[in-house]
Amino acid sequence: MDEGSPGGDGRESCAPLRLAIVAGSTIAFAPLPPRGSVVLGREEGCDVRIDDRSVSRRHAALHVGPPLRVEDLGSANGTFVGEQQLPALTARTHRLRRLSRESAEIVVGERFNLGATTVVVGRAPVGPAVEPDRGHAPEDVVVRAPAMVALYEQAARAARSPISVLILGETGVGKEVLARTLHARSPRASGPYVELHCAALPPSLLEGELFGHEKSAFTGASQARPGLIESADGGTLFLDEIGELPLAFQVKLLRVLEDRKVLRLGGRTPRRVDLRFVAATNRELEAEIARGAFRQDLYFRLNGISLVVPPLRERRDEIAPLARKFLEEACRHLDQRSAPRISPEALGVLEAYSWPGNVRELRNVIERAAVLCAGESVLPGDLPPHLVCGAAPPLGGSAPPPSSATPPRTGSVPPPASAAPPPRAGSVPPPASDGARARGGPGGDGAESLAAAAEPPTPTPRAEAMAKLRLEMKALERQRVIEALEQSAGNQTRAAKLLGLSLRTLINRIDEYGIPRPRKRTP
């Protein structure tokens with residue numbers, strides 16, 4: 001690696017830099033300029049705003065260089081550099097060097113901390129090896145679960161026909177990947193592939209984007225411009241979130257589907273187009289039709305064949321390969337030579353979680369773990385806490401959450417939907433059914449039946465493993481609290497900020513884990 005440049009050599013070194021910022025259970029990315037400095041902090045006027053209580057208003061400055069340098073701007077909770085991030089976040093102890101109104105050189109892929117927030121300078125993703133406007137299906141699509149194998153076989157058959165396709169599924173399941181696969185395996189694969197997210201544009205811009213406009217059609221239209229429908233001529237138009245399309249545009253889209261002609265804004269002569277329509281939604285369109293929010297005739301036109309992508313919780317065989325794939329990609333963007341492996345304990349947490357955000361949420365979690373992981377393995381402590389807390393419901397056969405469900409908050413435990421609550425002490429059990437009374441009535445072997453029912457159920461190996469994992473996570477959390485208290489010299493307020501907790505929650509954890517109340521001392 002050239003010491004005079006922020007990165008290494010090769011095509012990857014030419015990629016622009018970006019920041020990966022981990023605050024709590026979330027990860028966010030911010031682009032960096034080729035040169036100059038950016039200010040990081042909680043204040044609105046900062047170049048990169050980090051909304052975390054442990055970050056000062058103007059916390060630090062990052063000088064892009066070359067070389068890369070991070071400078072502390074007199075922050076309250078400190079700017080830390082070193083080989084390992086905050087022990088409170090990783091449950092592993094390493095020495096850190098705190099910067100106090102001074103700067104230190106860093107390299108691409110090296111972590112530093114602003115209070116309790118972990119920051120890494122990495123590479124922005126380089127454009128894919130294939131042209132995106134041709135809609136090539138990704139070569140490394142993970143298809144392992146039987147339901148996904150059957151789905152992609154059905155999609156391959158549907159791709160050969162010109163029929164419209166409607167892709168259904170929850171948010172983040174991979175509907176866009178399936179749409180690209182449909183195009184890549186169709187006779188139109190050499191034609192353009194055009195995407196439109198129907199909810200991304202306001203109605204005032206949607207019509208012009210979709211149908212195009214003629215010169216002088218409105219103020220500022222200095223020249224004619226074809227819309228996305230015309231741009232997809234000879235190829236495929238993918239309409240994502242079609243359920244968000246306003247009713248006024250549904251009528252115009254229906255006309256295009258029926259006549260295969262498009263009329264630009266301000267135009268008088270329709271233009272003939274030859275394209276295939278693929279639409280996707282996470283809404284129940286039948287319910288939208290019933291309440292008058294979606295046209296039934298448009299639904300019939302789009303639904304030539306419907307493909308339903310199953311949620312990630314129903315394809316657990318794919319969690320491990322997807323996680324490894326995302327981890328390799330994230331580490332490559334962080335300029336790490338090799339990706340860490342995923343420990344069996346962490347993989348158990350990933351496979352037990354219900355994934356309301358599906359593949360998109362899994363990618364986010366793995367990108368976060370890539371930033372926080374300091375050793376050769378991703379451990380449960382590198383994963384968001386709510387994954388461990390929310391790992392029990394899927395094992396209990398809980399009903400899948402609706403497509404609009406949001407991920408559980410940190411530390412929240414979603415109750416199982418289908419599991420009955422345990423009987424309270426001293427409660428009378430419900431009467432047995434007639435069949436049960438016949439088998440266990442007087443003169444029968446009812447006493448044996450009652451004795452057998454009174455015996456506690458034998459825990460399954462997986463339930464035992466999860467119970468052991470939860471105990472280990474409690475031990476790790478206890479250790480994080482102890483280390484945060486040590487780092488803050490016994491100051492509970494500072495320790496709470498380092499852990500991202502309120503002071504009251506920290507005090508409750510200290511009492512819960514039997515940690516001696518620390519005395520404030522001079523650091």
# chains A, B, ... in the order shown; residues from 1 in each chain; ligands from 1
>>> residues_around(residues="segment 111-122 of chain A", least_positions_apart="6", cutoff="6 Å", atoms="only C-alpha atoms", output="list in words")
Leu17, Arg18, Leu19, Ala20, Ile21, Val22, Ala23, Ser54, Val55, Asn77, Gly78, Thr79, Phe80, Val81, His333, Leu334 and Leu498 of chain A
>>> write_last_selection(atoms="C-alpha atoms", output="PDB file, in the first residue's frame")
ATOM      1  CA  LEU A  17     -14.101   6.699   0.324  1.00  0.00           C
ATOM      2  CA  ARG A  18     -17.040   6.605   2.685  1.00  0.00           C
ATOM      3  CA  LEU A  19     -17.665   6.397   6.420  1.00  0.00           C
ATOM      4  CA  ALA A  20     -19.378   3.443   8.048  1.00  0.00           C
ATOM      5  CA  ILE A  21     -20.917   4.657  11.320  1.00  0.00           C
ATOM      6  CA  VAL A  22     -22.218   2.222  13.936  1.00  0.00           C
ATOM      7  CA  ALA A  23     -24.368   3.801  16.641  1.00  0.00           C
ATOM      8  CA  SER A  54     -22.146  10.028  23.354  1.00  0.00           C
ATOM      9  CA  VAL A  55     -21.056  12.249  20.420  1.00  0.00           C
ATOM     10  CA  ASN A  77     -16.445  11.630  25.705  1.00  0.00           C
ATOM     11  CA  GLY A  78     -13.229  11.398  23.756  1.00  0.00           C
ATOM     12  CA  THR A  79     -11.934  10.271  20.393  1.00  0.00           C
ATOM     13  CA  PHE A  80     -10.192   6.903  20.579  1.00  0.00           C
ATOM     14  CA  VAL A  81      -7.821   5.273  18.105  1.00  0.00           C
ATOM     15  CA  HIS A 333     -15.274  -2.375   1.058  1.00  0.00           C
ATOM     16  CA  LEU A 334     -13.419  -1.870   4.352  1.00  0.00           C
ATOM     17  CA  LEU A 498     -20.464   4.863  26.705  1.00  0.00           C
TER      18      LEU A 498
END
>>> residues_around(residues="segment 150-152 of chain A", least_positions_apart="6", cutoff="12 Å", atoms="only C-alpha atoms", output="list in words")
Ala137, Val141, Val142, Val143, Arg144, Ala158, Ala159, Ile167, Leu168, Gly174, Lys175, Val177, Leu178, Ala179, Arg180, Thr181, Leu182, Arg185, Ser306, Leu307, Val308, Val309 and Pro310 of chain A
>>> residues_around(residues="Ile319 of chain A", least_positions_apart="2", cutoff="9 Å", atoms="only C-alpha atoms", output="PDB file with C-alpha atoms, in the first residue's frame")
ATOM      1  CA  LEU A 312     -36.269 -15.136   5.127  1.00  0.00           C
ATOM      2  CA  ARG A 313     -37.665 -16.840   8.249  1.00  0.00           C
ATOM      3  CA  ARG A 315     -35.753 -20.132   4.207  1.00  0.00           C
ATOM      4  CA  ARG A 316     -33.339 -20.517   7.083  1.00  0.00           C
ATOM      5  CA  ASP A 317     -31.037 -22.693   4.965  1.00  0.00           C
ATOM      6  CA  PRO A 321     -24.542 -18.437   2.940  1.00  0.00           C
ATOM      7  CA  LEU A 322     -26.175 -15.009   2.680  1.00  0.00           C
ATOM      8  CA  ALA A 323     -24.424 -13.852   5.849  1.00  0.00           C
ATOM      9  CA  ARG A 324     -21.034 -15.062   4.584  1.00  0.00           C
ATOM     10  CA  LEU A 347     -24.764 -18.222  13.421  1.00  0.00           C
ATOM     11  CA  LEU A 350     -28.857 -15.366  13.134  1.00  0.00           C
ATOM     12  CA  GLU A 351     -30.773 -18.560  12.327  1.00  0.00           C
ATOM     13  CA  VAL A 359     -32.587 -10.070   3.554  1.00  0.00           C
ATOM     14  CA  LEU A 362     -29.633  -9.322   7.430  1.00  0.00           C
TER      15      LEU A 362
END
>>> select_by_dssp(residues="segment 310-406 of chain A", states="helix (DSSP H, G or I)", output="VMD selection string")
chain A and resid 312 to 314 316 to 333 344 to 352 358 to 372 380 to 382 385 to 389 392 to 395
>>> atom_distance(atom1="atom CA of Ala484 of chain A", atom2="atom CA of Ala496 of chain A")
7.9 Å
>>> select_by_dssp(residues="segment 95-295 of chain A", states="strand (DSSP E or B)", output="count of residues only")
47
>>> residues_around(residues="Glu314 of chain A", least_positions_apart="4", cutoff="12 Å", atoms="only C-alpha atoms", output="PyMOL selection string")
chain A and resi 144-148+170+173+309-310+318-319+351-356+358-359+394+397+399-400
>>> residues_around(residues="segment 35-46 of chain A", least_positions_apart="6", cutoff="7 Å", atoms="only C-alpha atoms", output="ChimeraX atom specification")
/A:52,55-65
>>> closest_residue(among="A:Ala76, A:Ala280, A:Ile510, A:Val262", to="Arg98 of chain A", atoms="only C-alpha atoms")
A:Ala76
>>> decode(residues="segment 157-172 of chain A", atoms="all heavy atoms", output="JSON list (two decimals), in the first residue's frame")
[["chain", "number", "residue", "atom", "x", "y", "z"],
["A", 157, "ARG", "N", -39.25, -20.41, -16.32],
["A", 157, "ARG", "CA", -40.26, -20.75, -17.33],
["A", 157, "ARG", "C", -41.05, -19.52, -17.75],
["A", 157, "ARG", "O", -41.36, -19.32, -18.93],
["A", 157, "ARG", "CB", -41.20, -21.84, -16.79],
["A", 157, "ARG", "CG", -40.53, -23.19, -16.60],
["A", 157, "ARG", "CD", -41.56, -24.27, -16.35],
["A", 157, "ARG", "NE", -42.27, -24.07, -15.09],
["A", 157, "ARG", "CZ", -41.89, -24.57, -13.92],
["A", 157, "ARG", "NH1", -40.77, -25.28, -13.84],
["A", 157, "ARG", "NH2", -42.60, -24.35, -12.84],
["A", 158, "ALA", "N", -41.40, -18.68, -16.77],
["A", 158, "ALA", "CA", -42.17, -17.46, -17.08],
["A", 158, "ALA", "C", -41.35, -16.47, -17.88],
["A", 158, "ALA", "O", -41.89, -15.69, -18.68],
["A", 158, "ALA", "CB", -42.67, -16.81, -15.79],
["A", 159, "ALA", "N", -40.02, -16.48, -17.70],
["A", 159, "ALA", "CA", -39.17, -15.50, -18.38],
["A", 159, "ALA", "C", -39.21, -15.67, -19.89],
["A", 159, "ALA", "O", -39.00, -14.69, -20.63],
["A", 159, "ALA", "CB", -37.73, -15.63, -17.87],
["A", 160, "ARG", "N", -39.46, -16.86, -20.37],
["A", 160, "ARG", "CA", -39.42, -17.10, -21.82],
["A", 160, "ARG", "C", -40.64, -16.53, -22.54],
["A", 160, "ARG", "O", -40.64, -16.45, -23.77],
["A", 160, "ARG", "CB", -39.31, -18.60, -22.08],
["A", 160, "ARG", "CG", -37.99, -19.20, -21.59],
["A", 160, "ARG", "CD", -37.81, -20.61, -22.10],
["A", 160, "ARG", "NE", -38.72, -21.55, -21.44],
["A", 160, "ARG", "CZ", -38.41, -22.26, -20.37],
["A", 160, "ARG", "NH1", -37.21, -22.12, -19.82],
["A", 160, "ARG", "NH2", -39.27, -23.10, -19.84],
["A", 161, "SER", "N", -41.68, -16.17, -21.82],
["A", 161, "SER", "CA", -42.90, -15.64, -22.44],
["A", 161, "SER", "C", -42.96, -14.13, -22.25],
["A", 161, "SER", "O", -42.29, -13.58, -21.39],
["A", 161, "SER", "CB", -44.13, -16.29, -21.81],
["A", 161, "SER", "OG", -44.30, -15.82, -20.49],
["A", 162, "PRO", "N", -43.79, -13.43, -23.05],
["A", 162, "PRO", "CA", -43.89, -11.98, -22.91],
["A", 162, "PRO", "C", -44.91, -11.55, -21.85],
["A", 162, "PRO", "O", -45.18, -10.36, -21.71],
["A", 162, "PRO", "CB", -44.35, -11.53, -24.30],
["A", 162, "PRO", "CG", -45.16, -12.69, -24.81],
["A", 162, "PRO", "CD", -44.51, -13.93, -24.25],
["A", 163, "ILE", "N", -45.46, -12.48, -21.10],
["A", 163, "ILE", "CA", -46.53, -12.18, -20.17],
["A", 163, "ILE", "C", -46.03, -11.29, -19.04],
["A", 163, "ILE", "O", -44.87, -11.37, -18.62],
["A", 163, "ILE", "CB", -47.11, -13.51, -19.61],
["A", 163, "ILE", "CG1", -48.43, -13.26, -18.87],
["A", 163, "ILE", "CG2", -46.11, -14.19, -18.68],
["A", 163, "ILE", "CD1", -49.15, -14.54, -18.49],
["A", 164, "SER", "N", -46.91, -10.42, -18.54],
["A", 164, "SER", "CA", -46.56, -9.55, -17.41],
["A", 164, "SER", "C", -46.45, -10.39, -16.14],
["A", 164, "SER", "O", -47.17, -11.38, -15.96],
["A", 164, "SER", "CB", -47.62, -8.46, -17.22],
["A", 164, "SER", "OG", -47.69, -7.63, -18.36],
["A", 165, "VAL", "N", -45.56, -9.97, -15.25],
["A", 165, "VAL", "CA", -45.30, -10.72, -14.03],
["A", 165, "VAL", "C", -45.49, -9.80, -12.84],
["A", 165, "VAL", "O", -45.01, -8.65, -12.84],
["A", 165, "VAL", "CB", -43.86, -11.30, -14.02],
["A", 165, "VAL", "CG1", -43.60, -12.04, -12.71],
["A", 165, "VAL", "CG2", -43.67, -12.24, -15.21],
["A", 166, "LEU", "N", -46.17, -10.29, -11.82],
["A", 166, "LEU", "CA", -46.36, -9.57, -10.57],
["A", 166, "LEU", "C", -45.63, -10.33, -9.47],
["A", 166, "LEU", "O", -45.93, -11.50, -9.20],
["A", 166, "LEU", "CB", -47.84, -9.44, -10.23],
["A", 166, "LEU", "CG", -48.19, -8.71, -8.94],
["A", 166, "LEU", "CD1", -47.71, -7.26, -9.00],
["A", 166, "LEU", "CD2", -49.69, -8.76, -8.67],
["A", 167, "ILE", "N", -44.65, -9.68, -8.84],
["A", 167, "ILE", "CA", -43.85, -10.29, -7.78],
["A", 167, "ILE", "C", -44.36, -9.80, -6.45],
["A", 167, "ILE", "O", -44.44, -8.59, -6.20],
["A", 167, "ILE", "CB", -42.36, -9.96, -7.94],
["A", 167, "ILE", "CG1", -41.87, -10.38, -9.34],
["A", 167, "ILE", "CG2", -41.53, -10.63, -6.87],
["A", 167, "ILE", "CD1", -40.43, -9.97, -9.62],
["A", 168, "LEU", "N", -44.70, -10.73, -5.58],
["A", 168, "LEU", "CA", -45.26, -10.40, -4.27],
["A", 168, "LEU", "C", -44.30, -10.86, -3.18],
["A", 168, "LEU", "O", -43.56, -11.83, -3.35],
["A", 168, "LEU", "CB", -46.63, -11.08, -4.09],
["A", 168, "LEU", "CG", -47.68, -10.81, -5.17],
["A", 168, "LEU", "CD1", -48.92, -11.67, -4.94],
["A", 168, "LEU", "CD2", -48.07, -9.33, -5.17],
["A", 169, "GLY", "N", -44.34, -10.19, -2.06],
["A", 169, "GLY", "CA", -43.48, -10.57, -0.94],
["A", 169, "GLY", "C", -43.28, -9.41, 0.01],
["A", 169, "GLY", "O", -43.51, -8.25, -0.34],
["A", 170, "GLU", "N", -42.82, -9.74, 1.21],
["A", 170, "GLU", "CA", -42.58, -8.72, 2.21],
["A", 170, "GLU", "C", -41.42, -7.81, 1.80],
["A", 170, "GLU", "O", -40.66, -8.12, 0.87],
["A", 170, "GLU", "CB", -42.27, -9.38, 3.56],
["A", 170, "GLU", "CG", -43.41, -10.20, 4.12],
["A", 170, "GLU", "CD", -43.04, -10.88, 5.43],
["A", 170, "GLU", "OE1", -41.97, -10.55, 5.99],
["A", 170, "GLU", "OE2", -43.81, -11.73, 5.90],
["A", 171, "THR", "N", -41.28, -6.72, 2.51],
["A", 171, "THR", "CA", -40.19, -5.79, 2.25],
["A", 171, "THR", "C", -38.85, -6.46, 2.50],
["A", 171, "THR", "O", -38.66, -7.11, 3.53],
["A", 171, "THR", "CB", -40.32, -4.56, 3.16],
["A", 171, "THR", "OG1", -41.55, -3.90, 2.87],
["A", 171, "THR", "CG2", -39.17, -3.59, 2.94],
["A", 172, "GLY", "N", -37.93, -6.32, 1.55],
["A", 172, "GLY", "CA", -36.57, -6.79, 1.74],
["A", 172, "GLY", "C", -36.34, -8.26, 1.44],
["A", 172, "GLY", "O", -35.26, -8.78, 1.74]]
